[in-house]
$ cat input_28.pdb   # PDB, C-alpha atoms, pLDDT in the B column
ATOM      1  CA  VAL A   1      -5.482 -65.648  25.657  1.00 89.00           C
ATOM      2  CA  GLY A   2      -4.418 -65.487  22.041  1.00 93.00           C
ATOM      3  CA  PRO A   3      -3.482 -67.445  18.945  1.00 94.00           C
ATOM      4  CA  VAL A   4      -0.787 -70.085  19.305  1.00 94.00           C
ATOM      5  CA  ASP A   5       1.482 -71.181  16.469  1.00 94.00           C
ATOM      6  CA  PRO A   6       0.635 -74.884  16.084  1.00 94.00           C
ATOM      7  CA  ARG A   7       4.320 -75.697  15.680  1.00 93.00           C
ATOM      8  CA  ILE A   8       4.746 -75.210  19.419  1.00 93.00           C
ATOM      9  CA  PHE A   9       3.206 -78.681  19.679  1.00 96.00           C
ATOM     10  CA  GLY A  10       6.099 -80.159  17.724  1.00 96.00           C
ATOM     11  CA  GLY A  11       8.794 -82.628  18.685  1.00 96.00           C
ATOM     12  CA  PHE A  12      12.475 -83.349  18.525  1.00 95.00           C
ATOM     13  CA  LEU A  13      14.262 -86.279  16.905  1.00 98.00           C
ATOM     14  CA  GLU A  14      17.968 -86.657  17.693  1.00 98.00           C
ATOM     15  CA  HIS A  15      20.505 -89.414  17.135  1.00 97.00           C
ATOM     16  CA  LEU A  16      20.536 -90.097  20.864  1.00 96.00           C
ATOM     17  CA  GLY A  17      19.933 -93.420  22.586  1.00 95.00           C
ATOM     18  CA  ARG A  18      17.130 -95.317  20.824  1.00 96.00           C
ATOM     19  CA  ALA A  19      15.322 -92.290  19.399  1.00 97.00           C
ATOM     20  CA  VAL A  20      16.363 -93.073  15.804  1.00 98.00           C
ATOM     21  CA  TYR A  21      17.938 -96.533  15.685  1.00 97.00           C
ATOM     22  CA  GLU A  22      15.667 -99.133  17.323  1.00 96.00           C
ATOM     23  CA  GLY A  23      13.203 -96.247  17.736  1.00 97.00           C
ATOM     24  CA  VAL A  24      11.588 -94.805  14.618  1.00 98.00           C
ATOM     25  CA  TYR A  25      13.988 -96.765  12.386  1.00 98.00           C
ATOM     26  CA  ASP A  26      14.856-100.437  12.813  1.00 98.00           C
ATOM     27  CA  PRO A  27      14.835-102.538   9.635  1.00 96.00           C
ATOM     28  CA  TYR A  28      15.620-105.629  11.729  1.00 96.00           C
ATOM     29  CA  SER A  29      12.494-105.324  13.866  1.00 97.00           C
ATOM     30  CA  ALA A  30       9.491-107.589  13.336  1.00 97.00           C
ATOM     31  CA  HIS A  31       7.475-104.350  13.242  1.00 97.00           C
ATOM     32  CA  ALA A  32       9.518-102.746  10.444  1.00 97.00           C
ATOM     33  CA  GLY A  33       7.836-101.659   7.242  1.00 95.00           C
ATOM     34  CA  VAL A  34       9.485-101.978   3.855  1.00 94.00           C
ATOM     35  CA  ASP A  35      11.218 -98.635   4.462  1.00 95.00           C
ATOM     36  CA  GLY A  36      12.703 -99.770   7.776  1.00 97.00           C
ATOM     37  CA  LEU A  37      10.446 -97.517   9.854  1.00 98.00           C
ATOM     38  CA  ARG A  38       8.820 -99.204  12.856  1.00 98.00           C
ATOM     39  CA  THR A  39       5.072 -99.279  12.349  1.00 97.00           C
ATOM     40  CA  ASP A  40       4.363 -99.724  16.073  1.00 97.00           C
ATOM     41  CA  VAL A  41       6.437 -96.684  17.029  1.00 98.00           C
ATOM     42  CA  LEU A  42       4.857 -94.547  14.307  1.00 98.00           C
ATOM     43  CA  GLU A  43       1.396 -95.568  15.469  1.00 97.00           C
ATOM     44  CA  ALA A  44       2.257 -94.466  19.008  1.00 97.00           C
ATOM     45  CA  LEU A  45       3.641 -91.176  17.702  1.00 97.00           C
ATOM     46  CA  ARG A  46       0.495 -90.495  15.689  1.00 97.00           C
ATOM     47  CA  ARG A  47      -1.496 -90.383  18.916  1.00 97.00           C
ATOM     48  CA  LEU A  48       0.602 -87.406  20.042  1.00 96.00           C
ATOM     49  CA  ASN A  49      -0.557 -85.276  17.089  1.00 96.00           C
ATOM     50  CA  MET A  50       2.784 -83.494  16.814  1.00 97.00           C
ATOM     51  CA  THR A  51       3.082 -80.756  14.220  1.00 98.00           C
ATOM     52  CA  ALA A  52       6.767 -80.031  13.503  1.00 97.00           C
ATOM     53  CA  MET A  53       9.820 -82.239  14.053  1.00 98.00           C
ATOM     54  CA  ARG A  54      13.341 -80.889  14.629  1.00 98.00           C
ATOM     55  CA  TYR A  55      16.233 -83.033  13.347  1.00 98.00           C
ATOM     56  CA  PRO A  56      19.037 -84.235  13.693  1.00 98.00           C
ATOM     57  CA  GLY A  57      19.822 -82.602  17.035  1.00 93.00           C
ATOM     58  CA  GLY A  58      20.520 -81.368  19.630  1.00 94.00           C
ATOM     59  CA  ASN A  59      24.136 -81.758  20.636  1.00 96.00           C
ATOM     60  CA  PHE A  60      24.549 -84.387  17.918  1.00 97.00           C
ATOM     61  CA  VAL A  61      24.268 -81.849  15.118  1.00 98.00           C
ATOM     62  CA  SER A  62      27.440 -79.966  16.078  1.00 97.00           C
ATOM     63  CA  GLY A  63      29.508 -82.894  14.821  1.00 98.00           C
ATOM     64  CA  TYR A  64      27.178 -84.031  12.045  1.00 98.00           C
ATOM     65  CA  HIS A  65      28.000 -83.712   8.355  1.00 98.00           C
ATOM     66  CA  TRP A  66      24.852 -84.174   6.319  1.00 98.00           C
ATOM     67  CA  GLU A  67      26.599 -85.620   3.261  1.00 98.00           C
ATOM     68  CA  ASP A  68      27.523 -88.685   5.352  1.00 98.00           C
ATOM     69  CA  GLY A  69      23.802 -89.484   5.616  1.00 98.00           C
ATOM     70  CA  VAL A  70      22.718 -89.425   1.972  1.00 98.00           C
ATOM     71  CA  GLY A  71      23.244 -91.751  -0.970  1.00 97.00           C
ATOM     72  CA  PRO A  72      23.355 -95.560  -1.035  1.00 96.00           C
ATOM     73  CA  ARG A  73      23.320 -96.897   2.514  1.00 95.00           C
ATOM     74  CA  ASP A  74      26.129 -99.365   1.854  1.00 95.00           C
ATOM     75  CA  ALA A  75      28.367 -96.463   0.816  1.00 97.00           C
ATOM     76  CA  ARG A  76      27.677 -94.245   3.830  1.00 98.00           C
ATOM     77  CA  PRO A  77      30.512 -93.972   6.354  1.00 98.00           C
ATOM     78  CA  THR A  78      30.331 -95.287   9.888  1.00 98.00           C
ATOM     79  CA  VAL A  79      31.820 -92.615  12.131  1.00 98.00           C
ATOM     80  CA  ARG A  80      32.669 -92.038  15.779  1.00 97.00           C
ATOM     81  CA  GLU A  81      30.095 -89.643  17.201  1.00 97.00           C
ATOM     82  CA  LEU A  82      31.431 -87.402  19.968  1.00 96.00           C
ATOM     83  CA  ALA A  83      28.394 -85.664  21.468  1.00 96.00           C
ATOM     84  CA  TRP A  84      26.981 -88.875  22.940  1.00 96.00           C
ATOM     85  CA  GLN A  85      30.075 -91.081  22.523  1.00 95.00           C
ATOM     86  CA  SER A  86      28.396 -93.494  20.123  1.00 96.00           C
ATOM     87  CA  ILE A  87      29.030 -95.082  16.750  1.00 97.00           C
ATOM     88  CA  GLU A  88      26.943 -93.549  13.958  1.00 98.00           C
ATOM     89  CA  SER A  89      26.132 -95.727  10.941  1.00 98.00           C
ATOM     90  CA  ASN A  90      24.420 -92.923   8.989  1.00 98.00           C
ATOM     91  CA  GLU A  91      21.782 -95.425   7.825  1.00 97.00           C
ATOM     92  CA  PHE A  92      19.148 -92.823   8.687  1.00 98.00           C
ATOM     93  CA  GLY A  93      19.722 -89.368   7.215  1.00 98.00           C
ATOM     94  CA  THR A  94      18.080 -86.512   5.355  1.00 98.00           C
ATOM     95  CA  ASP A  95      16.065 -88.490   2.830  1.00 98.00           C
ATOM     96  CA  GLU A  96      14.782 -90.948   5.424  1.00 98.00           C
ATOM     97  CA  TYR A  97      13.832 -88.083   7.727  1.00 98.00           C
ATOM     98  CA  ILE A  98      11.861 -86.286   5.007  1.00 98.00           C
ATOM     99  CA  HIS A  99      10.117 -89.556   4.149  1.00 98.00           C
ATOM    100  CA  LEU A 100       9.214 -89.975   7.835  1.00 98.00           C
ATOM    101  CA  CYS A 101       7.870 -86.411   8.075  1.00 98.00           C
ATOM    102  CA  ARG A 102       5.662 -86.965   5.052  1.00 97.00           C
ATOM    103  CA  GLN A 103       4.289 -90.197   6.463  1.00 96.00           C
ATOM    104  CA  MET A 104       3.490 -88.506   9.767  1.00 97.00           C
ATOM    105  CA  GLY A 105       2.277 -85.146   8.459  1.00 97.00           C
ATOM    106  CA  TRP A 106       5.042 -83.297  10.324  1.00 98.00           C
ATOM    107  CA  THR A 107       6.529 -79.978   9.253  1.00 98.00           C
ATOM    108  CA  PRO A 108      10.257 -80.679   8.858  1.00 98.00           C
ATOM    109  CA  MET A 109      12.735 -78.508  10.746  1.00 98.00           C
ATOM    110  CA  LEU A 110      16.376 -79.150   9.921  1.00 98.00           C
ATOM    111  CA  THR A 111      19.212 -77.977  12.161  1.00 98.00           C
ATOM    112  CA  VAL A 112      22.524 -77.052  10.533  1.00 98.00           C
ATOM    113  CA  ASN A 113      25.939 -77.806  11.988  1.00 98.00           C
ATOM    114  CA  LEU A 114      27.534 -74.554  13.150  1.00 97.00           C
ATOM    115  CA  GLY A 115      29.935 -76.316  15.517  1.00 97.00           C
ATOM    116  CA  THR A 116      32.339 -78.323  13.379  1.00 97.00           C
ATOM    117  CA  GLY A 117      30.471 -77.353  10.213  1.00 97.00           C
ATOM    118  CA  THR A 118      30.517 -74.152   8.186  1.00 96.00           C
ATOM    119  CA  PRO A 119      27.976 -71.702   6.787  1.00 96.00           C
ATOM    120  CA  GLU A 120      28.837 -73.053   3.337  1.00 97.00           C
ATOM    121  CA  GLU A 121      28.006 -76.608   4.407  1.00 98.00           C
ATOM    122  CA  ALA A 122      24.650 -75.319   5.657  1.00 98.00           C
ATOM    123  CA  ARG A 123      24.038 -73.594   2.316  1.00 98.00           C
ATOM    124  CA  ASN A 124      24.880 -76.793   0.445  1.00 98.00           C
ATOM    125  CA  TRP A 125      22.413 -78.798   2.533  1.00 98.00           C
ATOM    126  CA  LEU A 126      19.734 -76.233   1.764  1.00 98.00           C
ATOM    127  CA  GLU A 127      20.433 -76.581  -1.950  1.00 98.00           C
ATOM    128  CA  TYR A 128      20.168 -80.362  -1.612  1.00 98.00           C
ATOM    129  CA  CYS A 129      16.757 -80.027   0.011  1.00 98.00           C
ATOM    130  CA  ASN A 130      15.137 -77.051  -1.678  1.00 98.00           C
ATOM    131  CA  CYS A 131      16.520 -76.307  -5.124  1.00 98.00           C
ATOM    132  CA  PRO A 132      15.363 -77.557  -8.517  1.00 98.00           C
ATOM    133  CA  THR A 133      17.748 -79.792 -10.403  1.00 98.00           C
ATOM    134  CA  GLY A 134      20.526 -78.366 -12.517  1.00 98.00           C
ATOM    135  CA  THR A 135      23.163 -77.712  -9.841  1.00 98.00           C
ATOM    136  CA  LYS A 136      25.488 -80.001  -7.892  1.00 98.00           C
ATOM    137  CA  TYR A 137      23.592 -80.684  -4.677  1.00 98.00           C
ATOM    138  CA  ALA A 138      20.111 -80.579  -6.162  1.00 98.00           C
ATOM    139  CA  ASP A 139      21.248 -83.126  -8.748  1.00 98.00           C
ATOM    140  CA  MET A 140      22.656 -85.218  -5.892  1.00 98.00           C
ATOM    141  CA  ARG A 141      19.190 -85.303  -4.296  1.00 98.00           C
ATOM    142  CA  ALA A 142      17.605 -86.278  -7.596  1.00 98.00           C
ATOM    143  CA  SER A 143      20.058 -89.122  -8.102  1.00 97.00           C
ATOM    144  CA  ASN A 144      19.464 -90.351  -4.546  1.00 97.00           C
ATOM    145  CA  THR A 145      15.704 -90.158  -4.104  1.00 95.00           C
ATOM    146  CA  SER A 146      13.659 -87.241  -5.374  1.00 96.00           C
ATOM    147  CA  GLU A 147      13.550 -85.158  -8.535  1.00 97.00           C
ATOM    148  CA  GLU A 148      11.204 -82.764  -6.732  1.00 97.00           C
ATOM    149  CA  PRO A 149      12.665 -80.460  -4.048  1.00 98.00           C
ATOM    150  CA  TYR A 150      11.740 -81.166  -0.433  1.00 98.00           C
ATOM    151  CA  ALA A 151      10.816 -77.505   0.212  1.00 97.00           C
ATOM    152  CA  VAL A 152      11.977 -77.414   3.832  1.00 98.00           C
ATOM    153  CA  GLY A 153      11.015 -73.939   4.996  1.00 98.00           C
ATOM    154  CA  LEU A 154      12.108 -74.055   8.648  1.00 98.00           C
ATOM    155  CA  TRP A 155      15.811 -74.259   9.621  1.00 98.00           C
ATOM    156  CA  CYS A 156      17.584 -73.949  12.957  1.00 98.00           C
ATOM    157  CA  LEU A 157      20.973 -72.200  13.005  1.00 98.00           C
ATOM    158  CA  GLY A 158      23.037 -74.581  15.104  1.00 97.00           C
ATOM    159  CA  ASN A 159      22.404 -75.856  18.598  1.00 96.00           C
ATOM    160  CA  GLU A 160      23.346 -74.235  21.929  1.00 95.00           C
ATOM    161  CA  MET A 161      26.618 -72.938  20.471  1.00 94.00           C
ATOM    162  CA  ASP A 162      27.174 -70.784  23.580  1.00 93.00           C
ATOM    163  CA  GLY A 163      27.444 -73.894  25.769  1.00 92.00           C
ATOM    164  CA  LYS A 164      30.847 -75.335  26.658  1.00 92.00           C
ATOM    165  CA  TRP A 165      29.455 -78.855  26.301  1.00 92.00           C
ATOM    166  CA  GLN A 166      28.922 -78.244  22.586  1.00 94.00           C
ATOM    167  CA  LEU A 167      31.418 -79.270  19.903  1.00 97.00           C
ATOM    168  CA  GLY A 168      32.866 -76.086  18.447  1.00 96.00           C
ATOM    169  CA  HIS A 169      31.252 -73.892  21.096  1.00 95.00           C
ATOM    170  CA  VAL A 170      31.789 -70.131  21.026  1.00 95.00           C
ATOM    171  CA  PRO A 171      30.577 -67.226  23.199  1.00 93.00           C
ATOM    172  CA  ALA A 172      27.089 -66.012  22.363  1.00 92.00           C
ATOM    173  CA  ASP A 173      28.275 -62.911  20.494  1.00 94.00           C
ATOM    174  CA  GLN A 174      30.488 -65.046  18.247  1.00 95.00           C
ATOM    175  CA  TYR A 175      27.613 -67.466  17.669  1.00 95.00           C
ATOM    176  CA  ALA A 176      25.511 -64.502  16.533  1.00 95.00           C
ATOM    177  CA  VAL A 177      28.100 -63.675  13.868  1.00 96.00           C
ATOM    178  CA  ARG A 178      28.332 -67.311  12.755  1.00 95.00           C
ATOM    179  CA  ALA A 179      24.540 -67.606  12.605  1.00 97.00           C
ATOM    180  CA  GLN A 180      24.278 -64.381  10.592  1.00 97.00           C
ATOM    181  CA  GLN A 181      26.864 -65.643   8.109  1.00 97.00           C
ATOM    182  CA  ALA A 182      24.961 -68.891   7.614  1.00 97.00           C
ATOM    183  CA  ALA A 183      21.650 -67.041   7.408  1.00 98.00           C
ATOM    184  CA  LYS A 184      22.902 -64.758   4.660  1.00 98.00           C
ATOM    185  CA  MET A 185      24.166 -67.632   2.511  1.00 98.00           C
ATOM    186  CA  MET A 186      21.014 -69.662   3.071  1.00 98.00           C
ATOM    187  CA  LYS A 187      18.657 -66.772   2.284  1.00 98.00           C
ATOM    188  CA  ASP A 188      20.673 -65.985  -0.829  1.00 98.00           C
ATOM    189  CA  VAL A 189      19.620 -69.457  -1.996  1.00 97.00           C
ATOM    190  CA  ASP A 190      16.037 -69.393  -0.680  1.00 96.00           C
ATOM    191  CA  PRO A 191      14.795 -65.965   0.505  1.00 96.00           C
ATOM    192  CA  GLY A 192      11.564 -67.350   1.936  1.00 95.00           C
ATOM    193  CA  LEU A 193      13.154 -69.390   4.718  1.00 97.00           C
ATOM    194  CA  GLU A 194      12.237 -69.113   8.378  1.00 97.00           C
ATOM    195  CA  LEU A 195      15.426 -69.284  10.444  1.00 98.00           C
ATOM    196  CA  VAL A 196      15.628 -69.985  14.171  1.00 96.00           C
ATOM    197  CA  ALA A 197      18.450 -69.023  16.524  1.00 95.00           C
ATOM    198  CA  CYS A 198      19.249 -71.456  19.314  1.00 90.00           C
ATOM    199  CA  GLY A 199      21.005 -70.741  22.607  1.00 88.00           C
ATOM    200  CA  SER A 200      21.348 -72.873  25.707  1.00 85.00           C
ATOM    201  CA  CYS A 201      17.859 -73.907  26.655  1.00 79.00           C
ATOM    202  CA  GLY A 202      17.598 -74.504  30.402  1.00 84.00           C
ATOM    203  CA  ILE A 203      17.659 -72.152  33.394  1.00 89.00           C
ATOM    204  CA  THR A 204      20.163 -74.427  35.161  1.00 89.00           C
ATOM    205  CA  MET A 205      22.674 -74.076  32.302  1.00 86.00           C
ATOM    206  CA  PRO A 206      25.538 -71.657  33.084  1.00 87.00           C
ATOM    207  CA  THR A 207      25.093 -69.759  29.819  1.00 86.00           C
ATOM    208  CA  TYR A 208      21.277 -69.527  29.840  1.00 84.00           C
TER     209      TYR A 208
END
$ encode --input "input_28.pdb" --output "structure tokens"
Amino acid sequence: VGPVDPRIFGGFLEHLGRAVYEGVYDPYSAHAGVDGLRTDVLEALRRLNMTAMRYPGGNFVSGYHWEDGVGPRDARPTVRELAWQSIESNEFGTDEYIHLCRQMGWTPMLTVNLGTGTPEEARNWLEYCNCPTGTKYADMRASNTSEEPYAVGLWCLGNEMDGKWQLGHVPADQYAVRAQQAAKMMKDVDPGLELVACGSCGITMPTY
């Protein structure tokens, strides 16, 4: 009946169960490539022809601090993850995700932490991903993996912050303020961004 944005046929990658570890990423698998990505899983995913991929959550993101997941893997902290009550090694993070998106032809969609995180942390992550070198976080990216910016144009402002199950949850009107604060700081860095608000997503949820 009308044109459809192809990104509606996208997917969702969260640090939940075996989605990341032993899923797309498992350097100990017989099917692992040199980058630790599982070639058999990627081949199965290619058949789905997904367009965009949202990362790193989901409920997980409300306790996630992106700086834990960049830099040398042996220096990344192992932390207790509260959304799914798991242990997070941070072996797979921003740079690995961008590498995966490029292999698969996916449009990256990063979700910022507006639960235990701050609008400033979101702005810093954007600088890491999108800015040319010459400032703190862009230089951090260059020293880790890539001189060239990742140019991530699609960002989600938190995850289901109105839901009581979410770390750092707030009523919807307070989430709107928090999202606006993050949006302003992020667009001050990169005015061309597309930003996505995110409330509770199912009709059975009490705050839907």
$ atom_distance --input "input_28.pdb" --atom1 "CA of His169 (chain A)" --atom2 "CA of Leu195 (chain A)"
19.6 Å
$ residues_around --input "input_28.pdb" --residues "Val61 (chain A)" --least-positions-apart "3" --cutoff "12 Å" --atoms "all atoms listed in the file" --output "NGL selection string"
:A and (13-16 or 54-58 or 64-66 or 81-84 or 93 or 110-117 or 122 or 156-161 or 166-168)
$ closest_residue --input "input_28.pdb" --among "A:Asp173, A:Asp188, A:Phe60, A:Thr204" --to "Ile87 (chain A)" --atoms "only C-alpha atoms"
A:Phe60
$ closest_residue --input "input_28.pdb" --among "A:Ala52, A:Leu42, A:Ala19, A:Ala197" --to "Pro6 (chain A)" --atoms "only C-alpha atoms"
A:Ala52
$ resolve_selection --input "input_28.pdb" --expression "the PyMOL selection byres ((chain A and resi 105) around 10)" --output "NGL selection string"
:A and (46 or 49-53 or 99-104 or 106-108)
$ atom_distance --input "input_28.pdb" --atom1 "CA of Pro149 (chain A)" --atom2 "CA of Asn130 (chain A)"
4.8 Å
$ residues_near_point --input "input_28.pdb" --point "(27.6, -64.9, 6.5)" --cutoff "12 Å" --atoms "only C-alpha atoms" --output "ChimeraX atom specification"
/A:114,118-123,157,175-188
$ write_last_selection --input "input_28.pdb" --atoms "C-alpha atoms" --output "PDB file, in the frame of the given file"
ATOM      1  CA  LEU A 114      27.534 -74.554  13.150  1.00 97.00           C
ATOM      2  CA  THR A 118      30.517 -74.152   8.186  1.00 96.00           C
ATOM      3  CA  PRO A 119      27.976 -71.702   6.787  1.00 96.00           C
ATOM      4  CA  GLU A 120      28.837 -73.053   3.337  1.00 97.00           C
ATOM      5  CA  GLU A 121      28.006 -76.608   4.407  1.00 98.00           C
ATOM      6  CA  ALA A 122      24.650 -75.319   5.657  1.00 98.00           C
ATOM      7  CA  ARG A 123      24.038 -73.594   2.316  1.00 98.00           C
ATOM      8  CA  LEU A 157      20.973 -72.200  13.005  1.00 98.00           C
ATOM      9  CA  TYR A 175      27.613 -67.466  17.669  1.00 95.00           C
ATOM     10  CA  ALA A 176      25.511 -64.502  16.533  1.00 95.00           C
ATOM     11  CA  VAL A 177      28.100 -63.675  13.868  1.00 96.00           C
ATOM     12  CA  ARG A 178      28.332 -67.311  12.755  1.00 95.00           C
ATOM     13  CA  ALA A 179      24.540 -67.606  12.605  1.00 97.00           C
ATOM     14  CA  GLN A 180      24.278 -64.381  10.592  1.00 97.00           C
ATOM     15  CA  GLN A 181      26.864 -65.643   8.109  1.00 97.00           C
ATOM     16  CA  ALA A 182      24.961 -68.891   7.614  1.00 97.00           C
ATOM     17  CA  ALA A 183      21.650 -67.041   7.408  1.00 98.00           C
ATOM     18  CA  LYS A 184      22.902 -64.758   4.660  1.00 98.00           C
ATOM     19  CA  MET A 185      24.166 -67.632   2.511  1.00 98.00           C
ATOM     20  CA  MET A 186      21.014 -69.662   3.071  1.00 98.00           C
ATOM     21  CA  LYS A 187      18.657 -66.772   2.284  1.00 98.00           C
ATOM     22  CA  ASP A 188      20.673 -65.985  -0.829  1.00 98.00           C
TER      23      ASP A 188
END
$ residues_around --input "input_28.pdb" --residues "region 132-134 of chain A" --least-positions-apart "3" --cutoff "10 Å" --atoms "all atoms listed in the file" --output "PyMOL selection string"
chain A and resi 127-129+137-143+146-151
$ write_last_selection --input "input_28.pdb" --atoms "C-alpha atoms" --output "short mmCIF file (atom, residue, chain, number, x, y, z; two decimals), in the coordinates of the input"
data_model
loop_
_atom_site.label_atom_id
_atom_site.label_comp_id
_atom_site.auth_asym_id
_atom_site.auth_seq_id
_atom_site.Cartn_x
_atom_site.Cartn_y
_atom_site.Cartn_z
CA GLU A 127 20.43 -76.58 -1.95
CA TYR A 128 20.17 -80.36 -1.61
CA CYS A 129 16.76 -80.03 0.01
CA TYR A 137 23.59 -80.68 -4.68
CA ALA A 138 20.11 -80.58 -6.16
CA ASP A 139 21.25 -83.13 -8.75
CA MET A 140 22.66 -85.22 -5.89
CA ARG A 141 19.19 -85.30 -4.30
CA ALA A 142 17.60 -86.28 -7.60
CA SER A 143 20.06 -89.12 -8.10
CA SER A 146 13.66 -87.24 -5.37
CA GLU A 147 13.55 -85.16 -8.54
CA GLU A 148 11.20 -82.76 -6.73
CA PRO A 149 12.66 -80.46 -4.05
CA TYR A 150 11.74 -81.17 -0.43
CA ALA A 151 10.82 -77.50 0.21
#
$ resolve_selection --input "input_28.pdb" --expression "the PyMOL selection byres ((chain A and resi 36) around 6)" --output "list in words"
Tyr25, Asp26, Pro27, Ala32, Gly33, Val34, Asp35 and Leu37 of chain A
$ atom_distance --input "input_28.pdb" --atom1 "CA of Arg76 (chain A)" --atom2 "CA of Ser89 (chain A)"
7.4 Å
$ closest_residue --input "input_28.pdb" --among "A:Gly69, A:Ser62, A:Phe92, A:Cys198" --to "Gly23 (chain A)" --atoms "all atoms listed in the file"
A:Phe92
$ axis_aligned_box --input "input_28.pdb" --around "region 13-27 of chain A" --padding-each-side "3 Å" --output "lines of an AutoDock Vina configuration file"
center_x = 16.1
center_y = -94.4
center_z = 16.1
size_x = 14.9
size_y = 22.3
size_z = 19.0
$ closest_residue --input "input_28.pdb" --among "A:Asp162, A:Gln174, A:Ala30, A:Leu193" --to "Tyr208 (chain A)" --atoms "all atoms listed in the file"
A:Asp162
$ residues_around --input "input_28.pdb" --residues "Pro77 (chain A)" --least-positions-apart "6" --cutoff "10 Å" --atoms "all atoms listed in the file" --output "list of chain:residue names"
A:Glu67, A:Asp68, A:Gly69, A:Glu88, A:Ser89, A:Asn90, A:Glu91
$ closest_residue --input "input_28.pdb" --among "A:Asn59, A:Ser29, A:Thr145, A:Thr78" --to "Ser200 (chain A)" --atoms "only C-alpha atoms"
A:Asn59
$ residues_around --input "input_28.pdb" --residues "Thr207 (chain A)" --least-positions-apart "3" --cutoff "9 Å" --atoms "only C-alpha atoms" --output "PDB file with C-alpha atoms, keeping the file's coordinate frame"
ATOM      1  CA  ASP A 162      27.174 -70.784  23.580  1.00 93.00           C
ATOM      2  CA  GLY A 163      27.444 -73.894  25.769  1.00 92.00           C
ATOM      3  CA  LYS A 164      30.847 -75.335  26.658  1.00 92.00           C
ATOM      4  CA  PRO A 171      30.577 -67.226  23.199  1.00 93.00           C
ATOM      5  CA  ALA A 172      27.089 -66.012  22.363  1.00 92.00           C
ATOM      6  CA  GLY A 199      21.005 -70.741  22.607  1.00 88.00           C
ATOM      7  CA  SER A 200      21.348 -72.873  25.707  1.00 85.00           C
ATOM      8  CA  CYS A 201      17.859 -73.907  26.655  1.00 79.00           C
ATOM      9  CA  GLY A 202      17.598 -74.504  30.402  1.00 84.00           C
ATOM     10  CA  ILE A 203      17.659 -72.152  33.394  1.00 89.00           C
ATOM     11  CA  THR A 204      20.163 -74.427  35.161  1.00 89.00           C
TER      12      THR A 204
END
$ closest_residue --input "input_28.pdb" --among "A:Thr135, A:Thr39, A:Ser86, A:Thr94" --to "Arg73 (chain A)" --atoms "all atoms listed in the file"
A:Thr94
